[in-house]
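S.K.: Submitted below is the structure of interest, expressed as structure tokens.
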Number of protein chains: 2
Amino acid sequence: MSTKSDILVTLSLDEIPKKWYNIAADLKGLQPPLHPGTKEPVTAEDLAPVFTKSMIKQEMSTERYIDIPDEVRENYIRLNRPSSLQRAVYLEKYLKTPAKIYFKREDLSPVGSHKGNSALAQAYYCMKDGIHTITTETGAGQWGTALALASSIFDLDCTVFMVRISYDQKPFRRTIMQTYGAKVYASPSLHTEYGKKVLKEVPDSPGSLGMAISEAIEVAVGDPNIKYTLGSVSNGVMLHQTVIGLETIEQMKKAEIEPDYMVGCVGGGSNFSGFAFPMMREKMLGKTECEFIAAEPKAAASLSEGEYRYDFGDTACMTPLFKMYTLGHDFVPSPIHAGGLRYHGMSPLLSEAFNQGLLTARSYDQTATFEAGMIFAKAEGIIPAPESSHAIRAAIDLALEAKEKDEEKTIVFCLSGHGLLDLAGYERHISGNLVSSSRMS
Amino acid sequence: MSTKSDILVTLSLDEIPKKWYNIAADLKGLQPPLHPGTKEPVTAEDLAPVFTKSMIKQEMSTERYIDIPDEVRENYIRLNRPSSLQRAVYLEKYLKTPAKIYFKREDLSPVGSHKGNSALAQAYYCMKDGIHTITTETGAGQWGTALALASSIFDLDCTVFMVRISYDQKPFRRTIMQTYGAKVYASPSLHTEYGKKVLKEVPDSPGSLGMAISEAIEVAVGDPNIKYTLGSVSNGVMLHQTVIGLETIEQMKKAEIEPDYMVGCVGGGSNFSGFAFPMMREKMLGKTECEFIAAEPKAAASLSEGEYRYDFGDTACMTPLFKMYTLGHDFVPSPIHAGGLRYHGMSPLLSEAFNQGLLTARSYDQTATFEAGMIFAKAEGIIPAPESSHAIRAAIDLALEAKEKDEEKTIVFCLSGHGLLDLAGYERHISGNLVSSSRMS
């Protein structure tokens with residue numbers, strides 16, 4: 001009989017971290033976001049029409065540790081926090097590798113991914129600040145789903161602008177958002193002036209993330225009791241997601257796991273940063289030799305192929321300018337199944353960490369990631385999200401490298417979410433119809 | 001901060017039960033299955049061409065406790081056993097009820113429901129008996145999914161005959177089965193003589209569970225190294241599923257929960273029996289006053305509306321005759337979304353328990369169950385399977401009755417699975433297009 005520490009490292013509810021870790025306290029040389037008109041650093045006043053004041057404060061904070069409010073900690077339980085750290089014994093066997101592989105299970109959240117960790121915090125702060133409605137945009141729907149549940153928990157109205165083509169073609173996450181009580185509009189919509197304008201010009205517009213952001217922001221700007229929220233990229237989101245990495249450190253201590261590699265997928269950076277930043281601090285303090293590896297899609301390889309410069313966060317040039325790795329705000333990633341990684345830029349905090357050499361990046365074609373996802377699903381029984389399969393691909397490659405060199409490496413990766421709402425991609429892979437990223441571009 | 005015992009009652013891995021409980025030891029007056037030709041009790045020899053010998057032995061056993069093999073226990077971990085018992089504090093608040101409501105979380109299994117508990121056991125016994133391939137039929141796919149993973153775990157080939165209309169219209173569970181490595185045929189198929197015969201007569205046949213059973217059995221009968229497996233109804237399946245109820249008893253002891261009601265959904269009976277039988281023994285021993293309530297669909301209310309008599313287990317009259325509550329083997333339930341409950345009969349063990357008054361039954365229209373599912377999803381954040389929503393409906397009704405009478409009742413129900421692959425039903429409910437069961441029939 002396998003024992004607990006062989007397979008699963010769990011934490012009790014009172015071991016949910018009490019503070020988030022803010023890497024802004026430890027990263028020297030961070031460049032502030034700039035106002036696109038004046039090119040001066042943006043001020044809290046600039047952001048006030050769009051974001052709630054608690055979030056603006058966090059966005060600009062350089063405090064190292066920030067208290068997780070009790071009401072957020074309590075509700076983390078509903079997202080199945082603390083999440084288990086599980087050893088992938090069956091994957092190890094399948095690969096015949098001397099490496100030990102562990103994965104952090106963000107897939108067990110009822111919203112299906114790690115996105116709830118920040119959604120809960122943002123909804124809480126909006127509630128505390130007296131806001132009654134929060135708005136956001138969503139593509140495939142992971143972030144919208146998380147925010148819909150968080151809004152329901154804190155009794156807020158939630159308005160989600162979902163890119164029309166996803167709204168029509170991928171109705172499942174839309175249904176989940178509605179089940180949680182959110183209003184979901186296909187964007188462009190008749191609900192905003194911007195949407196009306198687009199629809200007048202292009203009545204059958206399929207929409208885009210840029211358009212949906214514009215609509216969500218317009219709604220927020222028009223009413224002081226409505227605020228806009230973001231699912232990735234911003235400093236506040238990276239902060240909230242560190243609950244993942246802080247738990248992981250506790251679990252690794254408990255089970256005496258000393259990682260050689262920590263691996264996560266990157267799109268806007270929220271999953272990787274949340275998972276890796278707390279351990280990166282340990283590295284900055286000289287307490288670990290762990291290497292950090294960001295797995296990105298070839299279709300949007302901002303770290304591997306982008307430039308480190310100021311750019312807009314959105315395609316419609318409505319956001320401040322962020323210093324980040326970017327492929328250019330007008331870059332349109334190929335329509336890979338890992339929709340959550342289709343972003344032209346990268347979290348400014350993670351960008352600076354990359355700039356300082358604290359992590360390396362590897363990029364993958366989607367066919368290679370689906371192969372990895374299939375191997376993992378068959379070995380471990382868990383169907384991973386296409387986004388998470390990027391991390392799995394990197395972890396498998398590291399395990400095979402360890403096998404080649406006969407080294408007992410320890411690899412810890414973050415399973416950011418499950419793939420039960422992404423089975424169309426698996427179906428295409430199984431039937432031989434999955435398109436290589438390179439053939440799409 | 002909520003404490004562990006407030007919200008979650010967990011068990012450690014070494015608290016996974018070591019034995020299953022066999023209610024056949026405690027139910028007097030059980031009638032054996034009969035050979036349809038001779039009307040004599042079926043013998044092990046009669047069953048040998050179809051089932052593997054370990055399963056036949058369990059089918060006929062009246063031993064009270066049967067050891068769970070170590071390899072099955074170890075692999076229960078992969079199904080997220082032991083599963084948590086969780087308090088539905090948010091549902092209680094929403095209902096403003098003095099009742100305490102707990103639910104057993106079978107939804108966290110990677111196969112999405114409790115079905116893996118028996119699939120793992122059956123695949124294990126086939127492997128031990130030297131069988132190389134297992135076959136089965138599946139409708140919407142819950143059982144096929146569980147068996148596909150179990151086969152992958154024990155290195156068996158798995159052949160699933162999936163009703164053609166589900167194969168075409170609900171491809172998601174098919175994709176999961178294929179991801180786990182199973183061969184999935186749309187039934188009727190050209191893979192069997194029976195299938196060929198049907199297709200010759202009706203080339204565009206949509207298939208049925210009866211046809212799929214016939215194909216799966218034909219494949220098994222034709223090769224001594226291939227055996228057929230069942231996902232519900234049989235004594236062996238009820239036995240394996242008692243791991244749910246045995247864990248629940250441990251958890252209730254730990255948290256000092258004394259249930260007034262235990263509630264589960266019933267179709268063929270595997271979830272309810274697995275959840276309730278161990279506690280029913282406690283009741284037979286006079287150790288609890290708990291009442292047991294089976295929640296069934298009005299569309300197939302075999303306990304509420306059926307007769308207790310001998311009938312075939314399948315529609316094609318190929319199985320033995322079972323003494324059970326039945327609506328008649330030619331009864332065709334309306335196409336409700338809770339496909340797992342669309343069965344004309346009922347587990348013989350559960351039927352006899354019902355006959356002896358050990359449980360009562362309540363039946364629900366599907367609109368009432370989807371309403372309950374929506375309330376639960378919004379309150380607790382977890383989207384339940386349409387099958388499980390029958391148990392939720394009954395639990396909510398009991399909680400409202402307790403509120404009316406101002407009684408502090410304790411209700412424990414089994415959440416048999418999640419609804420992430422059943423979102424089409426939720427979509428119809430939300431858009432006002434869900435059809436009442438009564439209007440379908």
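Ligands are numbered from 1 in the order shown, chains are lettered A, B, ... in the order of the structure tokens, and residues start at 1 in each chain.
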Would you list the contacts of Gly116 (chain B) as a PyMOL selection string, taking every protein, DNA or RNA residue within 9 Å and counting only C-alpha atoms, but skipping same-chain residues closer than 3 positions in sequence?

M.R.: chain B and resi 76+79+109-113+119-121+143+145-147+149-150+241

S.K.: How about saving the chosen residues, all heavy atoms kept, as a compact mmCIF listing (two decimals), in the first residue's frame?

M.R.:
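Output below, filename again18.txt:
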```txt
# COMPACT_ATOMS: atom_id res chain seq x y z
N TYR B 76 -7.32 3.09 -5.87
CA TYR B 76 -8.41 3.97 -5.45
C TYR B 76 -7.90 5.40 -5.22
O TYR B 76 -8.64 6.37 -5.39
CB TYR B 76 -9.10 3.43 -4.18
CG TYR B 76 -10.23 2.45 -4.44
CD1 TYR B 76 -10.69 1.61 -3.44
CD2 TYR B 76 -10.87 2.37 -5.68
CE1 TYR B 76 -11.74 0.71 -3.65
CE2 TYR B 76 -11.91 1.47 -5.91
CZ TYR B 76 -12.35 0.66 -4.89
OH TYR B 76 -13.38 -0.21 -5.11
N LEU B 79 -8.42 7.61 -8.03
CA LEU B 79 -9.79 8.09 -8.21
C LEU B 79 -10.14 9.12 -7.13
O LEU B 79 -11.30 9.42 -6.86
CB LEU B 79 -10.76 6.91 -8.13
CG LEU B 79 -10.51 5.75 -9.08
CD1 LEU B 79 -11.57 4.67 -8.91
CD2 LEU B 79 -10.51 6.22 -10.54
N SER B 109 -13.56 12.33 -8.70
CA SER B 109 -12.84 11.29 -9.42
C SER B 109 -12.49 11.78 -10.83
O SER B 109 -13.29 12.48 -11.45
CB SER B 109 -13.73 10.04 -9.54
OG SER B 109 -13.21 9.16 -10.50
N PRO B 110 -11.31 11.41 -11.34
CA PRO B 110 -10.98 11.85 -12.70
C PRO B 110 -11.95 11.33 -13.76
O PRO B 110 -12.06 11.91 -14.82
CB PRO B 110 -9.57 11.30 -12.93
CG PRO B 110 -9.37 10.26 -11.90
CD PRO B 110 -10.24 10.64 -10.73
N VAL B 111 -12.68 10.25 -13.46
CA VAL B 111 -13.68 9.79 -14.43
C VAL B 111 -15.03 10.48 -14.22
O VAL B 111 -15.98 10.23 -14.95
CB VAL B 111 -13.84 8.25 -14.45
CG1 VAL B 111 -12.51 7.60 -14.82
CG2 VAL B 111 -14.33 7.69 -13.12
N GLY B 112 -15.10 11.36 -13.23
CA GLY B 112 -16.25 12.25 -13.10
C GLY B 112 -17.42 11.71 -12.29
O GLY B 112 -18.38 12.42 -12.05
N SER B 113 -17.37 10.46 -11.88
CA SER B 113 -18.46 9.87 -11.09
C SER B 113 -17.93 8.72 -10.26
O SER B 113 -16.74 8.38 -10.33
CB SER B 113 -19.56 9.35 -12.01
OG SER B 113 -19.19 8.10 -12.58
N ALA B 119 -15.33 -0.29 -11.60
CA ALA B 119 -14.54 -0.53 -12.82
C ALA B 119 -13.14 -1.02 -12.46
O ALA B 119 -12.61 -1.96 -13.06
CB ALA B 119 -14.46 0.76 -13.65
N LEU B 120 -12.55 -0.37 -11.45
CA LEU B 120 -11.21 -0.72 -11.02
C LEU B 120 -11.18 -2.17 -10.52
O LEU B 120 -10.28 -2.94 -10.85
CB LEU B 120 -10.80 0.23 -9.90
CG LEU B 120 -9.36 0.64 -9.79
CD1 LEU B 120 -8.79 1.13 -11.09
CD2 LEU B 120 -9.25 1.78 -8.75
N ALA B 121 -12.18 -2.54 -9.72
CA ALA B 121 -12.24 -3.90 -9.18
C ALA B 121 -12.43 -4.92 -10.30
O ALA B 121 -11.73 -5.94 -10.35
CB ALA B 121 -13.38 -4.00 -8.16
N TRP B 143 -20.03 4.94 -17.47
CA TRP B 143 -19.45 3.64 -17.17
C TRP B 143 -18.30 3.32 -18.12
O TRP B 143 -17.24 2.84 -17.70
CB TRP B 143 -20.52 2.55 -17.21
CG TRP B 143 -19.95 1.17 -17.15
CD1 TRP B 143 -19.99 0.22 -18.13
CD2 TRP B 143 -19.20 0.59 -16.07
NE1 TRP B 143 -19.32 -0.91 -17.74
CE2 TRP B 143 -18.83 -0.71 -16.48
CE3 TRP B 143 -18.81 1.06 -14.81
CZ2 TRP B 143 -18.08 -1.56 -15.66
CZ3 TRP B 143 -18.06 0.21 -14.00
CH2 TRP B 143 -17.71 -1.08 -14.43
N THR B 145 -16.32 5.33 -19.59
CA THR B 145 -15.17 6.16 -19.21
C THR B 145 -14.42 5.52 -18.04
O THR B 145 -13.19 5.42 -18.06
CB THR B 145 -15.66 7.57 -18.79
OG1 THR B 145 -16.36 8.15 -19.89
CG2 THR B 145 -14.50 8.46 -18.42
N ALA B 146 -15.18 5.09 -17.04
CA ALA B 146 -14.56 4.50 -15.86
C ALA B 146 -13.83 3.20 -16.22
O ALA B 146 -12.70 2.96 -15.78
CB ALA B 146 -15.62 4.22 -14.79
N LEU B 147 -14.46 2.39 -17.06
CA LEU B 147 -13.84 1.12 -17.43
C LEU B 147 -12.61 1.34 -18.31
O LEU B 147 -11.63 0.60 -18.23
CB LEU B 147 -14.85 0.22 -18.14
CG LEU B 147 -14.42 -1.24 -18.20
CD1 LEU B 147 -14.46 -1.88 -16.82
CD2 LEU B 147 -15.27 -2.04 -19.18
N LEU B 149 -10.47 3.84 -18.14
CA LEU B 149 -9.34 4.18 -17.27
C LEU B 149 -8.87 2.95 -16.50
O LEU B 149 -7.67 2.67 -16.42
CB LEU B 149 -9.70 5.30 -16.30
CG LEU B 149 -8.58 5.67 -15.31
CD1 LEU B 149 -7.30 6.09 -16.04
CD2 LEU B 149 -9.02 6.77 -14.35
N ALA B 150 -9.81 2.18 -15.95
CA ALA B 150 -9.45 0.99 -15.18
C ALA B 150 -8.66 -0.01 -16.05
O ALA B 150 -7.69 -0.61 -15.60
CB ALA B 150 -10.70 0.34 -14.60
N GLN B 241 -19.16 -0.81 -4.73
CA GLN B 241 -19.51 0.59 -4.46
C GLN B 241 -19.64 0.88 -2.97
O GLN B 241 -19.67 2.05 -2.57
CB GLN B 241 -20.80 0.97 -5.20
CG GLN B 241 -20.67 0.99 -6.74
CD GLN B 241 -19.76 2.11 -7.25
OE1 GLN B 241 -19.28 2.96 -6.49
NE2 GLN B 241 -19.50 2.09 -8.55
```

S.K.: Using only C-alpha atoms, determine which residues lie at most 8 Å from region 190-205 of chain B, disregarding the query and same-chain residues fewer than 2 positions distant; provide the list as a VMD selection string.

M.R.: chain B and resid 164 185 187 to 188 207 211 214 to 215 218 to 219

S.K.: Write a file of the selected residues as a compact mmCIF listing (two decimals), in the first residue's frame, keeping N, CA, C and O atoms.

M.R.:
```
# COMPACT_ATOMS: atom_id res chain seq x y z
N ARG B 164 -25.11 4.41 -30.78
CA ARG B 164 -24.68 5.27 -31.89
C ARG B 164 -25.12 6.72 -31.73
O ARG B 164 -24.34 7.65 -32.00
N TYR B 185 -16.70 1.57 -30.32
CA TYR B 185 -17.47 1.37 -31.54
C TYR B 185 -18.85 1.97 -31.37
O TYR B 185 -19.49 1.81 -30.32
N SER B 187 -22.55 1.63 -31.75
CA SER B 187 -23.40 0.43 -31.83
C SER B 187 -24.77 0.79 -32.36
O SER B 187 -25.37 1.77 -31.89
N PRO B 188 -25.33 0.04 -33.32
CA PRO B 188 -24.83 -1.19 -33.92
C PRO B 188 -23.61 -0.95 -34.81
O PRO B 188 -23.54 0.05 -35.51
N GLY B 207 -29.31 2.91 -32.67
CA GLY B 207 -28.82 2.05 -31.60
C GLY B 207 -29.64 2.17 -30.33
O GLY B 207 -30.53 3.00 -30.22
N MET B 211 -29.09 -3.16 -27.72
CA MET B 211 -28.25 -3.59 -28.84
C MET B 211 -26.77 -3.59 -28.45
O MET B 211 -26.02 -4.51 -28.78
N SER B 214 -25.91 -6.54 -26.39
CA SER B 214 -25.83 -7.74 -27.22
C SER B 214 -24.48 -7.82 -27.92
O SER B 214 -23.86 -8.89 -27.98
N GLU B 215 -24.01 -6.71 -28.45
CA GLU B 215 -22.72 -6.72 -29.14
C GLU B 215 -21.57 -7.02 -28.17
O GLU B 215 -20.68 -7.82 -28.48
N GLU B 218 -21.63 -10.67 -27.24
CA GLU B 218 -21.21 -11.53 -28.36
C GLU B 218 -19.69 -11.60 -28.46
O GLU B 218 -19.12 -12.67 -28.64
N VAL B 219 -19.06 -10.44 -28.30
CA VAL B 219 -17.59 -10.40 -28.37
C VAL B 219 -16.98 -11.25 -27.26
O VAL B 219 -16.00 -11.98 -27.46
```

S.K.: Check the DSSP output for the backbone and give back, as a ChimeraX atom specification, the residues of region 299-390 of chain A in strand (DSSP E).

M.R.: /A:307-312,321-326,360-364

S.K.: Those selected residues, please, written with C-alpha atoms and delivered as a PDB file, in the first residue's frame.

M.R.:
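After the write, out-v2.pdb holds the following:
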```pdb
ATOM      1  CA  GLU A 307      11.220  42.010 -27.403  1.00  0.00           C
ATOM      2  CA  TYR A 308      11.525  43.583 -23.953  1.00  0.00           C
ATOM      3  CA  ARG A 309       9.988  47.042 -24.407  1.00  0.00           C
ATOM      4  CA  TYR A 310       6.975  49.201 -23.594  1.00  0.00           C
ATOM      5  CA  ASP A 311       3.770  48.056 -25.294  1.00  0.00           C
ATOM      6  CA  PHE A 312       0.035  48.144 -24.821  1.00  0.00           C
ATOM      7  CA  LEU A 321       2.003  51.008 -21.683  1.00  0.00           C
ATOM      8  CA  PHE A 322       3.725  48.131 -19.880  1.00  0.00           C
ATOM      9  CA  LYS A 323       7.410  47.251 -19.922  1.00  0.00           C
ATOM     10  CA  MET A 324       7.225  43.617 -20.938  1.00  0.00           C
ATOM     11  CA  TYR A 325       8.237  40.926 -23.373  1.00  0.00           C
ATOM     12  CA  THR A 326       5.918  41.378 -26.310  1.00  0.00           C
ATOM     13  CA  THR A 360      14.377  30.173 -18.882  1.00  0.00           C
ATOM     14  CA  ALA A 361      11.687  29.537 -21.471  1.00  0.00           C
ATOM     15  CA  ARG A 362      10.928  26.681 -23.856  1.00  0.00           C
ATOM     16  CA  SER A 363       8.346  26.904 -26.622  1.00  0.00           C
ATOM     17  CA  TYR A 364       6.275  24.076 -28.103  1.00  0.00           C
TER      18      TYR A 364
END
```

S.K.: Using only C-alpha atoms, select each residue of chain A with any atom at most 8 Å away from an atom of chain B, and give the selection as number ranges by chain.

M.R.: A: 1-4, 12-14, 70-71, 73-74, 78, 108, 110-111, 149, 152-153, 172, 175-176, 178-181, 374, 377-383, 420-421, 423-424, 426-427, 430

S.K.: Would you save the residues of that selection, restricted to N, CA and C atoms, as a short mmCIF file (atom, residue, chain, number, x, y, z; two decimals), in the first residue's frame?

M.R.:
```cif
data_model
loop_
_atom_site.label_atom_id
_atom_site.label_comp_id
_atom_site.auth_asym_id
_atom_site.auth_seq_id
_atom_site.Cartn_x
_atom_site.Cartn_y
_atom_site.Cartn_z
N MET A 1 0.86 -1.20 0.00
CA MET A 1 0.00 0.00 0.00
C MET A 1 0.88 1.24 0.00
N SER A 2 0.64 2.10 -0.93
CA SER A 2 1.38 3.35 -0.97
C SER A 2 1.00 4.19 0.24
N THR A 3 1.95 4.91 0.75
CA THR A 3 1.62 5.77 1.88
C THR A 3 1.41 7.18 1.37
N LYS A 4 0.84 7.98 2.23
CA LYS A 4 0.49 9.34 1.89
C LYS A 4 1.66 10.08 1.24
N SER A 12 -3.48 20.82 5.67
CA SER A 12 -4.78 21.00 6.32
C SER A 12 -5.29 22.41 5.99
N LEU A 13 -6.57 22.62 6.24
CA LEU A 13 -7.17 23.92 5.89
C LEU A 13 -6.47 25.08 6.57
N ASP A 14 -5.99 24.86 7.81
CA ASP A 14 -5.35 26.00 8.48
C ASP A 14 -3.92 26.23 7.98
N ASP A 70 -9.31 37.23 5.69
CA ASP A 70 -9.94 36.01 6.21
C ASP A 70 -11.05 35.48 5.31
N GLU A 71 -11.87 36.42 4.77
CA GLU A 71 -13.00 35.97 3.94
C GLU A 71 -12.52 35.34 2.63
N ARG A 73 -9.50 33.70 2.45
CA ARG A 73 -8.94 32.41 2.88
C ARG A 73 -10.03 31.37 3.09
N GLU A 74 -11.12 31.79 3.77
CA GLU A 74 -12.22 30.86 4.03
C GLU A 74 -12.79 30.33 2.72
N ARG A 78 -13.49 26.55 -0.88
CA ARG A 78 -14.46 26.19 -1.92
C ARG A 78 -13.81 25.95 -3.26
N LEU A 108 -8.38 20.68 -9.64
CA LEU A 108 -9.51 20.21 -8.83
C LEU A 108 -10.45 21.34 -8.38
N PRO A 110 -13.45 23.85 -8.56
CA PRO A 110 -14.71 23.72 -9.31
C PRO A 110 -14.76 24.59 -10.56
N VAL A 111 -13.94 25.63 -10.64
CA VAL A 111 -13.92 26.42 -11.87
C VAL A 111 -12.93 25.84 -12.88
N LEU A 149 -18.16 32.71 -10.48
CA LEU A 149 -18.33 32.05 -9.18
C LEU A 149 -17.96 33.00 -8.04
N SER A 152 -20.65 35.45 -7.39
CA SER A 152 -21.77 34.80 -6.72
C SER A 152 -21.48 34.67 -5.23
N ILE A 153 -20.24 34.33 -4.89
CA ILE A 153 -19.85 34.16 -3.49
C ILE A 153 -19.96 35.47 -2.71
N PHE A 172 -20.04 25.88 -23.59
CA PHE A 172 -20.06 25.21 -22.29
C PHE A 172 -19.64 26.11 -21.15
N THR A 175 -22.31 28.52 -20.38
CA THR A 175 -23.38 27.94 -19.55
C THR A 175 -22.96 27.90 -18.08
N ILE A 176 -21.71 27.57 -17.81
CA ILE A 176 -21.25 27.55 -16.41
C ILE A 176 -21.34 28.95 -15.81
N GLN A 178 -23.32 31.33 -16.62
CA GLN A 178 -24.75 31.64 -16.39
C GLN A 178 -25.29 30.86 -15.21
N THR A 179 -24.83 29.63 -15.06
CA THR A 179 -25.27 28.82 -13.92
C THR A 179 -24.85 29.50 -12.61
N TYR A 180 -23.68 30.11 -12.61
CA TYR A 180 -23.21 30.83 -11.42
C TYR A 180 -23.89 32.21 -11.30
N GLY A 181 -24.71 32.55 -12.26
CA GLY A 181 -25.50 33.78 -12.14
C GLY A 181 -24.97 34.99 -12.89
N MET A 374 -1.83 13.56 -23.82
CA MET A 374 -2.35 12.19 -23.97
C MET A 374 -1.56 11.21 -23.10
N ALA A 377 -2.58 11.82 -19.52
CA ALA A 377 -3.95 11.36 -19.27
C ALA A 377 -3.98 9.84 -19.12
N LYS A 378 -3.30 9.16 -20.00
CA LYS A 378 -3.34 7.69 -19.96
C LYS A 378 -2.58 7.18 -18.73
N ALA A 379 -1.46 7.82 -18.40
CA ALA A 379 -0.67 7.35 -17.26
C ALA A 379 -1.33 7.70 -15.93
N GLU A 380 -1.75 8.93 -15.78
CA GLU A 380 -2.23 9.40 -14.48
C GLU A 380 -3.74 9.42 -14.37
N GLY A 381 -4.45 9.27 -15.50
CA GLY A 381 -5.91 9.24 -15.45
C GLY A 381 -6.57 10.60 -15.45
N ILE A 382 -5.79 11.66 -15.51
CA ILE A 382 -6.32 13.03 -15.44
C ILE A 382 -6.14 13.70 -16.81
N ILE A 383 -7.22 14.21 -17.37
CA ILE A 383 -7.13 14.88 -18.67
C ILE A 383 -6.77 16.34 -18.45
N LEU A 420 -11.54 18.98 -19.37
CA LEU A 420 -12.87 18.41 -19.66
C LEU A 420 -13.74 19.31 -20.52
N LEU A 421 -13.37 20.58 -20.63
CA LEU A 421 -14.12 21.47 -21.51
C LEU A 421 -13.32 21.77 -22.77
N LEU A 423 -12.30 19.06 -24.88
CA LEU A 423 -12.17 17.73 -25.48
C LEU A 423 -12.19 17.77 -27.00
N ALA A 424 -12.67 18.87 -27.59
CA ALA A 424 -12.64 18.97 -29.05
C ALA A 424 -11.20 18.89 -29.55
N TYR A 426 -8.69 17.27 -28.06
CA TYR A 426 -8.27 15.88 -27.94
C TYR A 426 -8.86 15.04 -29.07
N GLU A 427 -10.13 15.31 -29.40
CA GLU A 427 -10.79 14.56 -30.46
C GLU A 427 -10.00 14.75 -31.76
N ILE A 430 -6.72 12.76 -31.59
CA ILE A 430 -6.94 11.32 -31.73
C ILE A 430 -7.27 10.95 -33.17
#
```

S.K.: Pick out the residues sitting within 8 Å of Gln366 (chain B), and hand them over as number ranges by chain; count only C-alpha atoms, and ignore anything fewer than 6 positions along from it in its own chain.

M.R.: B: 297-298, 336-337, 435-437

S.K.: Let's see if you can do this: from backbone DSSP, list all alpha helix (DSSP H) residues in region 288-372 of chain B, as a short mmCIF file (atom, residue, chain, number, x, y, z; two decimals) with N, CA, C and O atoms, in the first residue's frame.

M.R.:
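Final file, part-v5.cif:
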```cif
data_model
loop_
_atom_site.label_atom_id
_atom_site.label_comp_id
_atom_site.auth_asym_id
_atom_site.auth_seq_id
_atom_site.Cartn_x
_atom_site.Cartn_y
_atom_site.Cartn_z
N SER B 302 -38.78 3.04 -11.12
CA SER B 302 -39.03 1.61 -10.92
C SER B 302 -39.44 1.29 -9.49
O SER B 302 -40.29 0.44 -9.27
N LEU B 303 -38.86 2.00 -8.50
CA LEU B 303 -39.27 1.73 -7.12
C LEU B 303 -40.67 2.28 -6.85
O LEU B 303 -41.53 1.59 -6.31
N SER B 304 -40.91 3.52 -7.26
CA SER B 304 -42.20 4.16 -6.97
C SER B 304 -43.34 3.57 -7.78
O SER B 304 -44.48 3.51 -7.33
N GLU B 305 -43.05 3.14 -9.00
CA GLU B 305 -44.15 2.75 -9.90
C GLU B 305 -44.02 1.35 -10.47
O GLU B 305 -44.90 0.88 -11.19
N PRO B 348 -31.23 -6.17 -7.82
CA PRO B 348 -31.97 -7.11 -6.98
C PRO B 348 -31.72 -6.90 -5.49
O PRO B 348 -32.64 -7.03 -4.68
N LEU B 349 -30.49 -6.58 -5.10
CA LEU B 349 -30.22 -6.37 -3.68
C LEU B 349 -30.99 -5.14 -3.16
O LEU B 349 -31.62 -5.19 -2.10
N LEU B 350 -30.94 -4.07 -3.92
CA LEU B 350 -31.65 -2.86 -3.49
C LEU B 350 -33.16 -3.08 -3.55
O LEU B 350 -33.91 -2.58 -2.70
N SER B 351 -33.60 -3.86 -4.53
CA SER B 351 -35.04 -4.16 -4.64
C SER B 351 -35.52 -4.88 -3.38
O SER B 351 -36.57 -4.54 -2.82
N GLU B 352 -34.76 -5.87 -2.92
CA GLU B 352 -35.20 -6.62 -1.74
C GLU B 352 -35.16 -5.73 -0.49
O GLU B 352 -36.05 -5.79 0.36
N ALA B 353 -34.16 -4.86 -0.41
CA ALA B 353 -34.09 -3.91 0.72
C ALA B 353 -35.32 -3.01 0.71
O ALA B 353 -35.93 -2.74 1.75
N PHE B 354 -35.71 -2.57 -0.46
CA PHE B 354 -36.90 -1.72 -0.60
C PHE B 354 -38.15 -2.51 -0.22
O PHE B 354 -39.03 -2.01 0.50
N ASN B 355 -38.19 -3.75 -0.70
CA ASN B 355 -39.33 -4.64 -0.39
C ASN B 355 -39.49 -4.83 1.11
O ASN B 355 -40.60 -4.95 1.63
N GLN B 366 -37.74 16.03 -14.34
CA GLN B 366 -36.39 16.56 -14.56
C GLN B 366 -36.31 18.07 -14.37
O GLN B 366 -35.25 18.59 -14.00
N THR B 367 -37.38 18.80 -14.58
CA THR B 367 -37.31 20.26 -14.36
C THR B 367 -37.02 20.56 -12.89
O THR B 367 -36.23 21.44 -12.57
N ALA B 368 -37.64 19.79 -11.99
CA ALA B 368 -37.40 19.99 -10.55
C ALA B 368 -35.96 19.65 -10.19
O ALA B 368 -35.36 20.28 -9.31
N THR B 369 -35.39 18.66 -10.86
CA THR B 369 -34.00 18.28 -10.53
C THR B 369 -33.02 19.31 -11.07
O THR B 369 -32.02 19.61 -10.42
N PHE B 370 -33.29 19.87 -12.24
CA PHE B 370 -32.38 20.90 -12.76
C PHE B 370 -32.45 22.17 -11.91
O PHE B 370 -31.44 22.83 -11.68
N GLU B 371 -33.65 22.51 -11.43
CA GLU B 371 -33.75 23.64 -10.50
C GLU B 371 -32.86 23.41 -9.28
O GLU B 371 -32.15 24.30 -8.84
N ALA B 372 -32.93 22.20 -8.74
CA ALA B 372 -32.11 21.87 -7.57
C ALA B 372 -30.63 21.93 -7.91
O ALA B 372 -29.82 22.45 -7.14
#
```

S.K.: At a cut-off of 7 Å, using only C-alpha atoms, what residues contact region 246-261 of chain A? Leave out same-chain residues fewer than 3 positions from it and give the result as a PyMOL selection string.

M.R.: chain A and resi 5+9-10+16-17+82+85+242-243+278-279+289-292+409-412
